$ cat coords20.cif   # mmCIF, C-alpha atoms and all ligand atoms
data_protein
#
loop_
_atom_site.label_atom_id
_atom_site.label_comp_id
_atom_site.auth_asym_id
_atom_site.auth_seq_id
_atom_site.Cartn_x
_atom_site.Cartn_y
_atom_site.Cartn_z
CA GLU A 1470 79.46 -4.58 191.54
CA ASN A 1471 80.67 -8.15 191.28
CA GLY A 1472 77.49 -9.57 189.82
CA ILE A 1473 76.30 -11.37 192.92
CA GLU A 1474 72.77 -9.91 192.93
CA ARG A 1475 69.89 -10.20 190.49
CA PRO A 1476 69.12 -6.49 190.04
CA GLN A 1477 66.60 -6.45 187.17
CA GLY A 1478 64.88 -9.68 188.00
CA TYR A 1479 66.09 -11.44 184.88
CA ASN A 1480 66.57 -15.16 185.34
CA VAL A 1481 69.72 -16.10 183.52
CA SER A 1482 70.99 -19.65 183.00
CA TYR A 1483 74.40 -20.84 181.85
CA HIS A 1484 74.63 -24.12 179.93
CA TYR A 1485 78.00 -25.76 179.63
CA ASN A 1486 79.91 -29.00 179.90
CA ARG A 1487 83.61 -28.54 180.55
CA ARG A 1488 84.48 -31.70 178.60
CA VAL A 1489 84.29 -29.56 175.42
CA GLU A 1490 87.51 -27.85 176.57
CA ASN A 1491 89.70 -30.88 175.96
CA MET A 1492 88.98 -31.11 172.25
CA HIS A 1493 91.58 -30.32 169.59
CA PHE A 1494 90.74 -29.67 165.93
CA GLY A 1495 94.50 -29.85 165.31
CA ARG A 1496 97.58 -28.07 166.57
CA THR A 1497 97.37 -25.00 164.30
CA HIS A 1498 93.66 -25.08 163.43
CA PRO A 1499 92.15 -21.67 164.26
CA MET A 1500 89.18 -23.11 166.19
CA LYS A 1501 90.43 -23.60 169.77
CA PRO A 1502 87.91 -24.99 172.25
CA TRP A 1503 90.20 -23.85 175.09
CA ARG A 1504 88.94 -20.29 174.48
CA LEU A 1505 85.95 -21.69 176.40
CA THR A 1506 88.27 -22.53 179.29
CA LEU A 1507 89.52 -18.95 179.35
CA THR A 1508 85.93 -17.69 179.22
CA LYS A 1509 84.98 -19.87 182.16
CA HIS A 1510 88.00 -18.61 184.11
CA LEU A 1511 86.98 -14.98 183.67
CA VAL A 1512 83.25 -15.59 184.28
CA MET A 1513 84.06 -17.36 187.53
CA GLY A 1514 86.89 -14.97 188.40
CA TYR A 1515 84.31 -12.16 188.45
CA GLY A 1516 81.88 -14.32 190.43
CA LEU A 1517 79.19 -14.18 187.76
CA GLN A 1518 78.21 -17.82 188.38
CA PHE A 1519 76.47 -16.64 191.58
CA ALA A 1520 74.09 -14.50 189.51
CA MET A 1521 72.94 -17.36 187.24
CA ASP A 1522 71.57 -20.88 187.28
CA ASN A 1523 74.43 -23.13 186.19
CA TYR A 1524 73.59 -26.30 184.30
CA ASP A 1525 75.92 -29.18 183.49
CA ALA A 1526 74.85 -29.93 179.94
CA LEU A 1527 74.25 -33.49 178.75
CA PRO A 1528 75.08 -34.57 175.20
CA ALA A 1529 72.29 -34.37 172.59
CA THR A 1530 70.93 -37.67 171.31
CA LYS A 1531 71.11 -38.81 167.67
CA GLU A 1532 67.32 -38.45 167.45
CA THR A 1533 67.54 -34.81 168.55
CA VAL A 1534 70.19 -34.09 165.93
CA ALA A 1535 68.15 -35.86 163.22
CA ALA A 1536 65.35 -33.30 163.65
CA PHE A 1537 67.33 -31.22 161.14
CA HIS A 1538 70.25 -33.28 159.87
CA ASP A 1539 70.16 -36.10 157.32
CA GLU A 1540 70.12 -39.52 158.97
CA ASP A 1541 73.14 -40.84 157.00
CA TYR A 1542 75.11 -37.77 158.03
CA VAL A 1543 74.20 -38.21 161.71
CA ASP A 1544 75.22 -41.87 161.47
CA PHE A 1545 78.53 -40.95 159.89
CA LEU A 1546 79.20 -38.28 162.54
CA SER A 1547 78.48 -40.64 165.37
CA LYS A 1548 80.74 -43.41 163.97
CA VAL A 1549 83.68 -41.63 162.38
CA SER A 1550 87.13 -41.31 163.98
CA PRO A 1551 90.61 -40.77 162.52
CA GLN A 1552 90.92 -44.59 162.63
CA THR A 1553 87.63 -45.45 160.87
CA PHE A 1554 87.62 -42.59 158.35
CA GLN A 1555 89.10 -44.57 155.39
CA GLU A 1556 86.77 -47.50 155.79
CA LEU A 1557 83.63 -45.36 156.22
CA SER A 1558 84.61 -43.14 153.28
CA LEU A 1559 84.20 -46.09 150.91
CA ILE A 1560 80.61 -46.65 152.04
CA TYR A 1561 79.72 -42.95 151.66
CA GLU A 1562 81.82 -42.25 148.53
CA ASP A 1563 78.82 -40.79 146.69
CA ARG A 1564 78.36 -38.16 149.42
CA THR A 1565 81.82 -36.61 148.94
CA PRO A 1566 81.82 -32.98 147.66
CA GLN A 1567 84.39 -31.51 145.26
CA SER A 1568 87.50 -29.93 146.75
CA TYR A 1569 87.73 -26.12 146.76
CA PRO A 1570 89.43 -24.91 143.55
CA GLY A 1571 93.14 -24.55 144.20
CA ASP A 1572 92.97 -26.14 147.65
CA MET A 1573 95.27 -29.09 148.36
CA VAL A 1574 93.10 -30.52 151.12
CA LYS A 1575 91.44 -33.81 150.22
CA LEU A 1576 87.79 -33.92 151.21
CA GLY A 1577 85.78 -36.93 152.36
CA PRO A 1578 82.06 -37.64 152.75
CA PHE A 1579 79.88 -34.77 154.00
CA ASN A 1580 82.81 -32.33 153.61
CA LEU A 1581 84.71 -33.96 156.47
CA SER A 1582 88.39 -34.62 156.01
CA PRO A 1583 91.16 -36.67 157.60
CA SER A 1584 93.59 -33.81 156.88
CA PRO A 1585 94.48 -31.50 159.78
CA GLY A 1586 94.65 -28.63 157.26
CA ALA A 1587 90.93 -28.87 156.49
CA ASP A 1588 88.19 -26.57 157.79
CA CYS A 1589 86.32 -29.61 159.16
CA PRO A 1590 88.88 -32.24 160.16
CA VAL A 1591 87.94 -35.51 161.84
CA PHE A 1592 89.68 -35.55 165.23
CA ASP A 1593 89.73 -37.76 168.33
CA GLY A 1594 86.88 -36.97 170.69
CA MET A 1595 84.95 -35.18 167.94
CA GLN A 1596 81.58 -36.87 168.67
CA GLU A 1597 81.73 -35.93 172.29
CA TYR A 1598 82.43 -32.29 171.43
CA LEU A 1599 79.67 -32.08 168.78
CA PHE A 1600 76.94 -33.70 170.83
CA LEU A 1601 77.89 -31.69 173.93
CA TYR A 1602 77.70 -28.24 172.34
CA THR A 1603 74.40 -29.28 170.75
CA GLY A 1604 73.10 -30.70 174.04
CA ALA A 1605 73.91 -27.44 175.80
CA THR A 1606 71.88 -25.46 173.24
CA MET A 1607 68.90 -27.84 173.56
CA GLU A 1608 69.03 -27.58 177.35
CA ALA A 1609 69.19 -23.78 177.12
CA VAL A 1610 66.07 -23.83 174.91
CA SER A 1611 64.30 -26.05 177.47
CA ALA A 1612 65.12 -23.58 180.25
CA LEU A 1613 63.46 -20.85 178.14
CA THR A 1614 60.39 -22.82 177.11
CA ASN A 1615 59.87 -24.10 180.69
CA HIS A 1616 59.93 -20.46 181.86
CA GLN A 1617 62.86 -21.20 184.14
CA SER A 1618 65.03 -18.62 182.39
CA ASP A 1619 64.46 -15.32 180.62
CA ILE A 1620 67.94 -15.52 179.12
CA ALA A 1621 69.84 -18.77 178.50
CA ILE A 1622 73.52 -18.78 177.50
CA ASN A 1623 75.63 -21.41 175.70
CA TRP A 1624 79.03 -20.04 174.69
CA SER A 1625 80.06 -23.42 173.25
CA GLY A 1626 77.24 -23.29 170.66
CA GLY A 1627 76.40 -21.05 167.72
CA LEU A 1628 77.82 -23.16 164.89
CA HIS A 1629 75.94 -21.47 162.08
CA HIS A 1630 77.55 -22.95 158.91
CA ALA A 1631 76.54 -26.63 159.25
CA HIS A 1632 74.10 -27.78 156.57
CA LYS A 1633 71.49 -30.55 156.61
CA SER A 1634 73.94 -33.14 155.28
CA GLU A 1635 77.28 -31.37 155.20
CA ALA A 1636 79.82 -29.93 157.61
CA SER A 1637 81.17 -26.48 156.72
CA GLY A 1638 83.46 -23.83 158.18
CA PHE A 1639 84.37 -25.53 161.50
CA CYS A 1640 80.66 -26.41 162.04
CA TYR A 1641 79.41 -30.01 162.00
CA ILE A 1642 76.05 -29.95 163.78
CA ASN A 1643 73.88 -26.84 163.45
CA ASP A 1644 72.81 -26.43 167.07
CA ILE A 1645 71.16 -23.10 166.17
CA VAL A 1646 68.73 -24.65 163.68
CA LEU A 1647 67.94 -27.44 166.15
CA GLY A 1648 67.35 -24.89 168.92
CA ILE A 1649 65.08 -22.75 166.74
CA LEU A 1650 63.04 -25.80 165.65
CA GLU A 1651 62.43 -26.53 169.31
CA LEU A 1652 61.51 -22.89 170.09
CA LEU A 1653 58.94 -23.02 167.25
CA ARG A 1654 56.96 -25.60 169.25
CA CYS A 1655 56.16 -22.85 171.80
CA HIS A 1656 56.59 -19.60 169.88
CA GLN A 1657 54.88 -18.44 166.72
CA ARG A 1658 57.75 -16.24 165.48
CA VAL A 1659 61.48 -16.55 166.22
CA LEU A 1660 64.07 -13.93 165.24
CA TYR A 1661 67.65 -15.07 164.61
CA ILE A 1662 70.38 -12.40 164.79
CA ASP A 1663 74.01 -13.16 163.91
CA ILE A 1664 76.92 -10.79 164.67
CA ASP A 1665 79.70 -13.29 163.86
CA VAL A 1666 81.97 -11.78 161.16
CA HIS A 1667 80.88 -14.63 158.84
CA HIS A 1668 77.48 -14.98 157.15
CA GLY A 1669 75.05 -17.24 159.05
CA ASP A 1670 74.40 -19.28 155.90
CA GLY A 1671 73.33 -22.59 157.46
CA VAL A 1672 70.60 -21.01 159.57
CA GLU A 1673 69.38 -18.77 156.75
CA GLU A 1674 69.21 -21.73 154.36
CA ALA A 1675 67.32 -23.94 156.83
CA PHE A 1676 64.56 -21.34 157.28
CA ALA A 1677 64.67 -19.64 153.86
CA SER A 1678 61.13 -20.84 153.10
CA SER A 1679 59.62 -20.05 156.49
CA ASP A 1680 57.77 -16.91 157.57
CA ARG A 1681 57.93 -17.97 161.23
CA VAL A 1682 61.71 -17.58 161.44
CA MET A 1683 63.37 -14.36 160.36
CA THR A 1684 67.16 -14.42 159.97
CA LEU A 1685 69.34 -11.31 160.18
CA SER A 1686 73.11 -11.58 159.67
CA PHE A 1687 75.76 -8.87 159.82
CA HIS A 1688 78.98 -10.02 158.16
CA ARG A 1689 82.14 -9.22 156.24
CA TYR A 1690 81.38 -9.64 152.54
CA GLY A 1691 83.44 -9.34 149.39
CA ILE A 1692 87.02 -9.88 148.24
CA ILE A 1693 89.36 -10.67 151.18
CA ASP A 1694 92.31 -8.61 150.01
CA GLU A 1695 91.71 -6.02 147.29
CA ASP A 1696 95.49 -5.53 146.80
CA SER A 1697 96.23 -9.21 146.17
CA LYS A 1698 95.89 -10.64 142.64
CA GLU A 1699 93.95 -13.56 144.12
CA LYS A 1700 90.34 -12.50 144.27
CA HIS A 1701 89.12 -14.89 146.99
CA LEU A 1702 85.81 -14.10 148.63
CA PHE A 1703 85.50 -13.84 152.37
CA PHE A 1704 83.97 -17.11 153.62
CA PRO A 1705 81.35 -18.41 152.84
CA GLY A 1706 80.70 -15.92 150.02
CA THR A 1707 76.91 -15.82 150.49
CA GLY A 1708 74.79 -13.19 152.27
CA ALA A 1709 74.51 -10.48 149.61
CA LEU A 1710 72.24 -7.51 150.32
CA ASN A 1711 69.62 -8.66 147.81
CA SER A 1712 69.44 -12.18 149.24
CA ASN A 1713 66.20 -12.14 151.25
CA GLY A 1714 64.87 -15.67 151.50
CA ASN A 1715 63.33 -18.10 149.03
CA GLU A 1716 61.49 -15.88 146.55
CA ASN A 1717 59.10 -18.65 145.52
CA SER A 1718 57.90 -19.30 149.03
CA ILE A 1719 56.16 -17.73 151.95
CA GLY A 1720 59.65 -17.11 153.38
CA ASN A 1721 60.35 -14.41 150.78
CA HIS A 1722 61.54 -11.22 152.63
CA PHE A 1723 62.09 -13.15 155.88
CA ALA A 1724 65.89 -13.11 155.56
CA LEU A 1725 67.95 -9.95 155.91
CA ASN A 1726 71.64 -9.65 155.14
CA VAL A 1727 73.98 -6.80 155.99
CA PRO A 1728 77.17 -7.31 153.92
CA ILE A 1729 79.99 -5.09 155.27
CA PRO A 1730 83.41 -4.11 153.86
CA LYS A 1731 86.52 -4.51 156.00
CA GLY A 1732 87.49 -2.25 158.88
CA ILE A 1733 84.06 -1.16 160.17
CA ASP A 1734 84.33 0.68 163.54
CA ASP A 1735 82.17 0.72 166.68
CA GLU A 1736 80.04 3.72 165.81
CA GLN A 1737 79.35 2.54 162.25
CA PHE A 1738 78.49 -1.00 163.29
CA LEU A 1739 76.15 0.14 166.06
CA TYR A 1740 74.45 2.54 163.64
CA LEU A 1741 73.74 -0.40 161.31
CA PHE A 1742 72.82 -2.79 164.10
CA GLU A 1743 70.37 -0.49 165.87
CA MET A 1744 68.77 0.99 162.74
CA ILE A 1745 68.18 -2.45 161.21
CA THR A 1746 67.53 -4.61 164.27
CA GLY A 1747 65.24 -1.93 165.77
CA ARG A 1748 63.04 -1.82 162.67
CA THR A 1749 63.09 -5.63 162.40
CA LEU A 1750 61.76 -5.94 165.96
CA GLU A 1751 58.94 -3.48 165.19
CA HIS A 1752 57.83 -5.24 162.01
CA PHE A 1753 58.41 -8.91 162.80
CA ARG A 1754 57.47 -8.76 166.51
CA PRO A 1755 59.30 -11.98 167.52
CA GLN A 1756 58.13 -14.04 170.48
CA ALA A 1757 61.65 -15.34 171.07
CA ILE A 1758 65.11 -14.26 169.92
CA VAL A 1759 68.29 -16.23 169.26
CA LEU A 1760 71.48 -14.11 169.23
CA GLN A 1761 74.68 -15.62 167.84
CA CYS A 1762 77.54 -13.60 169.38
CA GLY A 1763 80.51 -14.78 167.29
CA ALA A 1764 83.51 -12.84 168.66
CA ASP A 1765 85.48 -12.90 165.41
CA SER A 1766 83.87 -9.53 164.62
CA LEU A 1767 86.19 -7.97 167.25
CA GLY A 1768 89.28 -6.03 166.18
CA GLY A 1769 92.47 -8.09 166.29
CA ASP A 1770 90.74 -11.37 165.56
CA ARG A 1771 92.93 -13.92 163.76
CA LEU A 1772 90.33 -14.46 161.00
CA GLY A 1773 88.08 -11.37 161.22
CA GLN A 1774 88.54 -7.99 159.52
CA PHE A 1775 86.42 -5.64 161.62
CA ASN A 1776 87.58 -3.06 164.18
CA LEU A 1777 85.00 -3.59 166.93
CA ASN A 1778 85.77 -3.17 170.62
CA ILE A 1779 84.29 -5.37 173.31
CA ARG A 1780 81.82 -2.72 174.55
CA ALA A 1781 80.36 -2.18 171.05
CA HIS A 1782 80.00 -5.94 170.52
CA GLY A 1783 78.20 -6.09 173.87
CA GLU A 1784 75.91 -3.17 172.94
CA CYS A 1785 74.28 -5.52 170.44
CA LEU A 1786 73.31 -7.89 173.24
CA ALA A 1787 72.15 -5.02 175.46
CA PHE A 1788 69.96 -3.70 172.62
CA VAL A 1789 68.39 -7.12 171.94
CA LYS A 1790 67.83 -7.76 175.65
CA LYS A 1791 65.63 -4.64 175.79
CA ALA A 1792 63.10 -6.35 173.48
CA GLY A 1793 62.05 -8.25 176.61
CA VAL A 1794 61.28 -11.63 175.01
CA PRO A 1795 62.90 -15.02 175.83
CA LEU A 1796 66.49 -14.81 174.64
CA LEU A 1797 68.91 -17.57 173.67
CA ILE A 1798 72.52 -16.37 173.62
CA LEU A 1799 75.07 -18.43 171.72
CA GLY A 1800 78.80 -18.19 170.95
CA GLY A 1801 80.22 -18.95 167.50
CA GLY A 1802 83.48 -17.80 165.94
CA GLY A 1803 86.29 -16.03 167.78
CA TYR A 1804 89.95 -16.81 167.11
CA THR A 1805 91.95 -14.57 169.41
CA ALA A 1806 91.14 -16.53 172.53
CA ARG A 1807 91.88 -13.91 175.21
CA ASN A 1808 89.50 -11.43 173.57
CA VAL A 1809 86.81 -14.05 173.03
CA ALA A 1810 86.95 -14.69 176.78
CA ARG A 1811 86.79 -10.95 177.54
CA ALA A 1812 83.83 -10.33 175.23
CA TRP A 1813 81.75 -13.29 176.39
CA THR A 1814 82.44 -12.47 180.05
CA HIS A 1815 81.34 -8.87 179.48
CA GLU A 1816 78.23 -10.17 177.71
CA THR A 1817 77.45 -12.64 180.50
CA ALA A 1818 77.59 -9.64 182.86
CA LEU A 1819 75.23 -7.65 180.60
CA ALA A 1820 72.79 -10.56 180.64
CA VAL A 1821 72.67 -10.70 184.45
CA GLY A 1822 72.79 -6.91 184.76
CA ALA A 1823 76.19 -6.61 186.47
CA THR A 1824 78.95 -4.05 185.93
CA LEU A 1825 82.48 -5.43 185.91
CA ASN A 1826 85.71 -3.90 187.11
CA GLU A 1827 88.09 -2.96 184.28
CA GLU A 1828 90.93 -4.70 186.18
CA LEU A 1829 90.74 -8.45 185.53
CA PRO A 1830 90.54 -10.53 188.75
CA MET A 1831 94.07 -11.84 188.13
CA HIS A 1832 94.52 -13.28 191.61
CA ILE A 1833 91.66 -15.71 190.93
CA VAL A 1834 92.19 -16.50 187.24
CA PRO A 1835 94.25 -19.72 186.88
CA ARG A 1836 96.03 -18.61 183.67
CA PRO A 1837 96.61 -14.85 184.14
CA GLN A 1838 99.50 -14.84 181.61
CA ALA A 1839 96.94 -15.18 178.81
CA PHE A 1840 95.68 -11.66 179.58
CA MET A 1841 98.93 -9.97 180.61
CA GLY A 1842 101.53 -7.91 178.79
CA LYS A 1843 101.09 -5.03 176.35
CA ASP A 1844 100.10 -7.30 173.41
CA HIS A 1845 97.64 -9.30 175.48
CA GLY A 1846 95.60 -6.44 176.93
CA ASP A 1847 97.60 -5.55 180.06
CA GLY A 1848 95.33 -7.28 182.54
CA LYS A 1849 92.38 -5.09 181.48
CA LEU A 1850 88.87 -6.21 180.54
CA TYR A 1851 88.42 -3.62 177.77
CA PRO A 1852 91.70 -3.23 175.84
CA GLU A 1853 91.69 -1.08 172.69
CA LEU A 1854 91.06 -3.44 169.75
CA ALA A 1855 90.41 -1.00 166.90
CA GLY A 1856 92.87 -0.03 164.21
CA PHE A 1857 94.12 -3.43 163.07
CA HIS A 1858 92.39 -3.01 159.70
CA LYS A 1859 92.03 -0.02 157.40
CA ASN A 1860 88.42 1.21 157.56
CA ASN A 1861 86.90 1.01 154.06
CA VAL A 1862 83.34 1.86 155.13
CA THR A 1863 81.68 5.12 154.09
CA GLN A 1864 78.50 6.77 155.44
CA LYS A 1865 76.98 6.40 151.97
CA GLU A 1866 77.45 2.63 152.14
CA LEU A 1867 75.90 2.49 155.60
CA ASP A 1868 72.85 4.44 154.41
CA LEU A 1869 72.44 2.16 151.40
CA LEU A 1870 72.43 -0.92 153.64
CA VAL A 1871 69.92 0.59 156.07
CA GLU A 1872 67.69 1.81 153.24
CA HIS A 1873 67.57 -1.59 151.53
CA CYS A 1874 66.75 -3.40 154.78
CA HIS A 1875 64.02 -0.90 155.68
CA GLU A 1876 62.49 -1.37 152.24
CA GLU A 1877 62.51 -5.16 152.67
CA LEU A 1878 60.89 -4.81 156.08
CA ARG A 1879 57.89 -3.00 154.57
CA TYR A 1880 56.76 -6.42 153.29
CA ILE A 1881 56.58 -7.71 156.85
CA GLN A 1882 53.61 -6.64 158.89
CA HIS A 1883 52.54 -8.68 161.87
O1 LIG B 1901 87.91 -19.86 153.55
C1 LIG B 1901 87.62 -21.02 153.78
C2 LIG B 1901 87.70 -22.11 152.70
C3 LIG B 1901 88.96 -22.50 152.18
C4 LIG B 1901 89.22 -23.93 151.84
C5 LIG B 1901 89.74 -24.72 153.04
N1 LIG B 1901 90.98 -24.12 153.54
C6 LIG B 1901 91.40 -24.86 154.73
C7 LIG B 1901 90.78 -22.69 153.91
C8 LIG B 1901 90.25 -21.88 152.70
C9 LIG B 1901 88.05 -21.76 151.35
N2 LIG B 1901 87.21 -21.40 155.00
C10 LIG B 1901 87.15 -20.48 156.11
C11 LIG B 1901 86.15 -21.01 157.13
C12 LIG B 1901 85.85 -20.03 158.21
C13 LIG B 1901 84.85 -20.61 159.20
C14 LIG B 1901 84.36 -19.62 160.23
C15 LIG B 1901 83.47 -20.26 161.26
C16 LIG B 1901 82.63 -19.30 162.07
O2 LIG B 1901 83.45 -18.40 162.78
O3 LIG B 1901 81.79 -18.50 161.27
C17 LIG B 1901 81.70 -20.03 163.06
C18 LIG B 1901 82.36 -20.88 164.05
C19 LIG B 1901 88.49 -20.34 156.72
N3 LIG B 1901 89.06 -19.17 157.04
C20 LIG B 1901 90.27 -19.46 157.57
C21 LIG B 1901 90.41 -20.84 157.54
N4 LIG B 1901 89.29 -21.34 157.01
C22 LIG B 1901 91.54 -21.61 158.01
C23 LIG B 1901 91.37 -22.98 158.22
C24 LIG B 1901 92.44 -23.76 158.69
C25 LIG B 1901 93.68 -23.15 158.96
C26 LIG B 1901 93.82 -21.77 158.74
C27 LIG B 1901 92.76 -21.03 158.27
C28 LIG B 1901 92.30 -25.13 158.92
C29 LIG B 1901 93.37 -25.85 159.41
C30 LIG B 1901 94.57 -25.20 159.66
N5 LIG B 1901 94.72 -23.89 159.43
C31 LIG B 1901 95.74 -25.97 160.19
CA CA B 1902 77.13 -12.83 160.86
ZN ZN B 1903 82.89 -16.58 162.12
#

$ encode --input "coords20.cif" --output "structure tokens" --more "lines below"
Ligand code: VJV
Ligand code: CA
Ligand code: ZN
Amino acid sequence: ENGIERPQGYNVSYHYNRRVENMHFGRTHPMKPWRLTLTKHLVMGYGLQFAMDNYDALPATKETVAAFHDEDYVDFLSKVSPQTFQELSLIYEDRTPQSYPGDMVKLGPFNLSPSPGADCPVFDGMQEYLFLYTGATMEAVSALTNHQSDIAINWSGGLHHAHKSEASGFCYINDIVLGILELLRCHQRVLYIDIDVHHGDGVEEAFASSDRVMTLSFHRYGIIDEDSKEKHLFFPGTGALNSNGNENSIGNHFALNVPIPKGIDDEQFLYLFEMITGRTLEHFRPQAIVLQCGADSLGGDRLGQFNLNIRAHGECLAFVKKAGVPLLILGGGGYTARNVARAWTHETALAVGATLNEELPMHIVPRPQAFMGKDHGDGKLYPELAGFHKNNVTQKELDLLVEHCHEELRYIQH
């Protein structure tokens, strides 16, 4: 009942370093590392730590990070601070991208910025945060490849937008790519699944020419607000249905994208997820799976536009777990902190095979206010989150998405 046994014999490990909690991207920046504090409070409040191996993650080394990232970029990341930004910018002037059209934020080298209004600001303690979330992912991969764990969890990881030599969308180091590269040393085929509301562009791009890594992302796609005269695309704007890997390489057909309009509900999302992921598992037959569980696909998220409830989000993990291969579970987006904590606690319970009480263990949680009151979920684990966005998804659209993906999968036969 409280997750203190190991019912199905799954070995689950939890990889975390609480120093990530102290980091601040900026006072009003949507990415709040303290959502990880709230997650820890709920996980421990329910006693789930007794059902897992708990590791204190060490920071990744520069060498580890350079397995994917450009050496100049890694150097810059490990040196830069709000104090040294100006000086270092002069040295790396030629690596500075153009600003977004219409955006006032001044960008610096590698898409980093001294401005607190930027997606990827430079903040105090940044290095420590970056190398810790990456270190936790690498340690989780080690637990899997050493056969110490069947499922390894790092809620501080899952930063899918970072490119080889550029930060993007709150992501600086792509811990997912680094983790997959390491898994490839032991496993012939790795499947990456991404249920964050944003497209997993950095991971897809890194493995676009590989037939040993298949990437599958479900995401909001299209114009953010149809009623506004500004026709901005939902970030990052990639991940169209017909984007299926590098066509001129062996990786052609080894990327799947499921672009979704706003407002999708539980039943519709699970229909897509199970129809497409199920067929992908049959055709690709992965030897290991990485699941990015971005919680910004939940209803009521500050940046997301879906209507998913916590149980439906968790069904994705439960479905993937049934494949029975080594599983790396990562966090990602999630901007309404109390619901991020609820979802990732529920998913930790699914991983260990525990059922949780709907009443939050308020007497044990240090910050119960965060979960109390009508607008904050009334002390419940599974508050109703649907209905924040108008549902623009039709059955015809769902069938079109499934049909395209099934057609793509016919090229894959292992
Ligand atoms: O939409 C964008 C890019 C702009 C240019 C930069 N300005 C700041 C925002 C518009 C076009 N970026 C997205 C990035 C989303 C990243 C999601 C990451 C993940 O969940 O997939 C994985 C962890 C975006 N949407 C909203 C914002 N940026 C945003 C950024 C801010 C902000 C408010 C909204 C940055 C600073 C501050 N407020 C103070
Ligand atoms: Ca996604
Ligand atoms: Zn996201």

$ atom_distance --input "coords20.cif" --atom1 "atom N5 of ligand LIG 1901 (chain B)" --atom2 "atom CA of A:Pro1499"
5.9 Å

$ closest_atom_pairs --input "coords20.cif" --of "chain A" --to "ligand ZN 1903 (chain B)" --cutoff "12 Å" --atoms "all atoms listed in the file" --output "Markdown table"
| residue | atom | partner | partner_atom | distance |
| --- | --- | --- | --- | --- |
| A:Pro1499 | CA | B:ZN1903 | ZN | 10.8 |
| A:Met1500 | CA | B:ZN1903 | ZN | 9.9 |
| A:Gly1627 | CA | B:ZN1903 | ZN | 9.7 |
| A:Leu1628 | CA | B:ZN1903 | ZN | 8.8 |
| A:His1629 | CA | B:ZN1903 | ZN | 8.5 |
| A:His1630 | CA | B:ZN1903 | ZN | 8.9 |
| A:Ser1637 | CA | B:ZN1903 | ZN | 11.4 |
| A:Gly1638 | CA | B:ZN1903 | ZN | 8.3 |
| A:Phe1639 | CA | B:ZN1903 | ZN | 9.1 |
| A:Cys1640 | CA | B:ZN1903 | ZN | 10.1 |
| A:Asp1663 | CA | B:ZN1903 | ZN | 9.7 |
| A:Ile1664 | CA | B:ZN1903 | ZN | 8.7 |
| A:Asp1665 | CA | B:ZN1903 | ZN | 4.9 |
| A:Val1666 | CA | B:ZN1903 | ZN | 5.0 |
| A:His1667 | CA | B:ZN1903 | ZN | 4.3 |
| A:His1668 | CA | B:ZN1903 | ZN | 7.5 |
| A:Gly1669 | CA | B:ZN1903 | ZN | 8.4 |
| A:Asp1670 | CA | B:ZN1903 | ZN | 10.9 |
| A:Ser1686 | CA | B:ZN1903 | ZN | 11.3 |
| A:Phe1687 | CA | B:ZN1903 | ZN | 10.8 |
| A:His1688 | CA | B:ZN1903 | ZN | 8.6 |
| A:Arg1689 | CA | B:ZN1903 | ZN | 9.5 |
| A:Tyr1690 | CA | B:ZN1903 | ZN | 11.9 |
| A:Phe1703 | CA | B:ZN1903 | ZN | 10.5 |
| A:Phe1704 | CA | B:ZN1903 | ZN | 8.6 |
| A:Pro1705 | CA | B:ZN1903 | ZN | 9.6 |
| A:Gln1761 | CA | B:ZN1903 | ZN | 10.1 |
| A:Cys1762 | CA | B:ZN1903 | ZN | 9.5 |
| A:Gly1763 | CA | B:ZN1903 | ZN | 6.0 |
| A:Ala1764 | CA | B:ZN1903 | ZN | 7.6 |
| A:Asp1765 | CA | B:ZN1903 | ZN | 5.6 |
| A:Ser1766 | CA | B:ZN1903 | ZN | 7.5 |
| A:Leu1767 | CA | B:ZN1903 | ZN | 10.6 |
| A:Asp1770 | CA | B:ZN1903 | ZN | 10.0 |
| A:Arg1771 | CA | B:ZN1903 | ZN | 10.5 |
| A:Leu1772 | CA | B:ZN1903 | ZN | 7.8 |
| A:Gly1773 | CA | B:ZN1903 | ZN | 7.4 |
| A:Gln1774 | CA | B:ZN1903 | ZN | 10.6 |
| A:Phe1775 | CA | B:ZN1903 | ZN | 11.5 |
| A:Gly1800 | CA | B:ZN1903 | ZN | 9.9 |
| A:Gly1801 | CA | B:ZN1903 | ZN | 6.5 |
| A:Gly1802 | CA | B:ZN1903 | ZN | 4.1 |
| A:Gly1803 | CA | B:ZN1903 | ZN | 6.6 |
| A:Tyr1804 | CA | B:ZN1903 | ZN | 8.6 |
| A:Thr1805 | CA | B:ZN1903 | ZN | 11.8 |
| A:Val1809 | CA | B:ZN1903 | ZN | 11.9 |

$ residues_around --input "coords20.cif" --residues "A:Tyr1542" --least-positions-apart "4" --cutoff "7 Å" --atoms "only C-alpha atoms" --output "JSON, numbers by chain"
{"A": [1538, 1546, 1579, 1634]}

$ axis_aligned_box --input "coords20.cif" --around "ligand LIG 1901 (chain B)" --padding-each-side "8 Å" --output "lines of an AutoDock Vina configuration file"
center_x = 88.7
center_y = -22.2
center_z = 157.7
size_x = 30.0
size_y = 23.6
size_z = 28.7

$ closest_residue --input "coords20.cif" --among "A:Glu1673, A:Glu1876, A:Asp1522, A:Glu1827" --to "ligand CA 1902 (chain B)" --atoms "all atoms listed in the file"
A:Glu1673

$ closest_residue --input "coords20.cif" --among "A:Gly1848, A:Gly1768, A:Pro1551, A:Gly1671" --to "ligand CA 1902 (chain B)" --atoms "only C-alpha atoms and all ligand atoms"
A:Gly1671

$ closest_residue --input "coords20.cif" --among "A:Ile1662, A:Ile1745, A:Ala1587, A:Leu1869" --to "ligand CA 1902 (chain B)" --atoms "all atoms listed in the file"
A:Ile1662
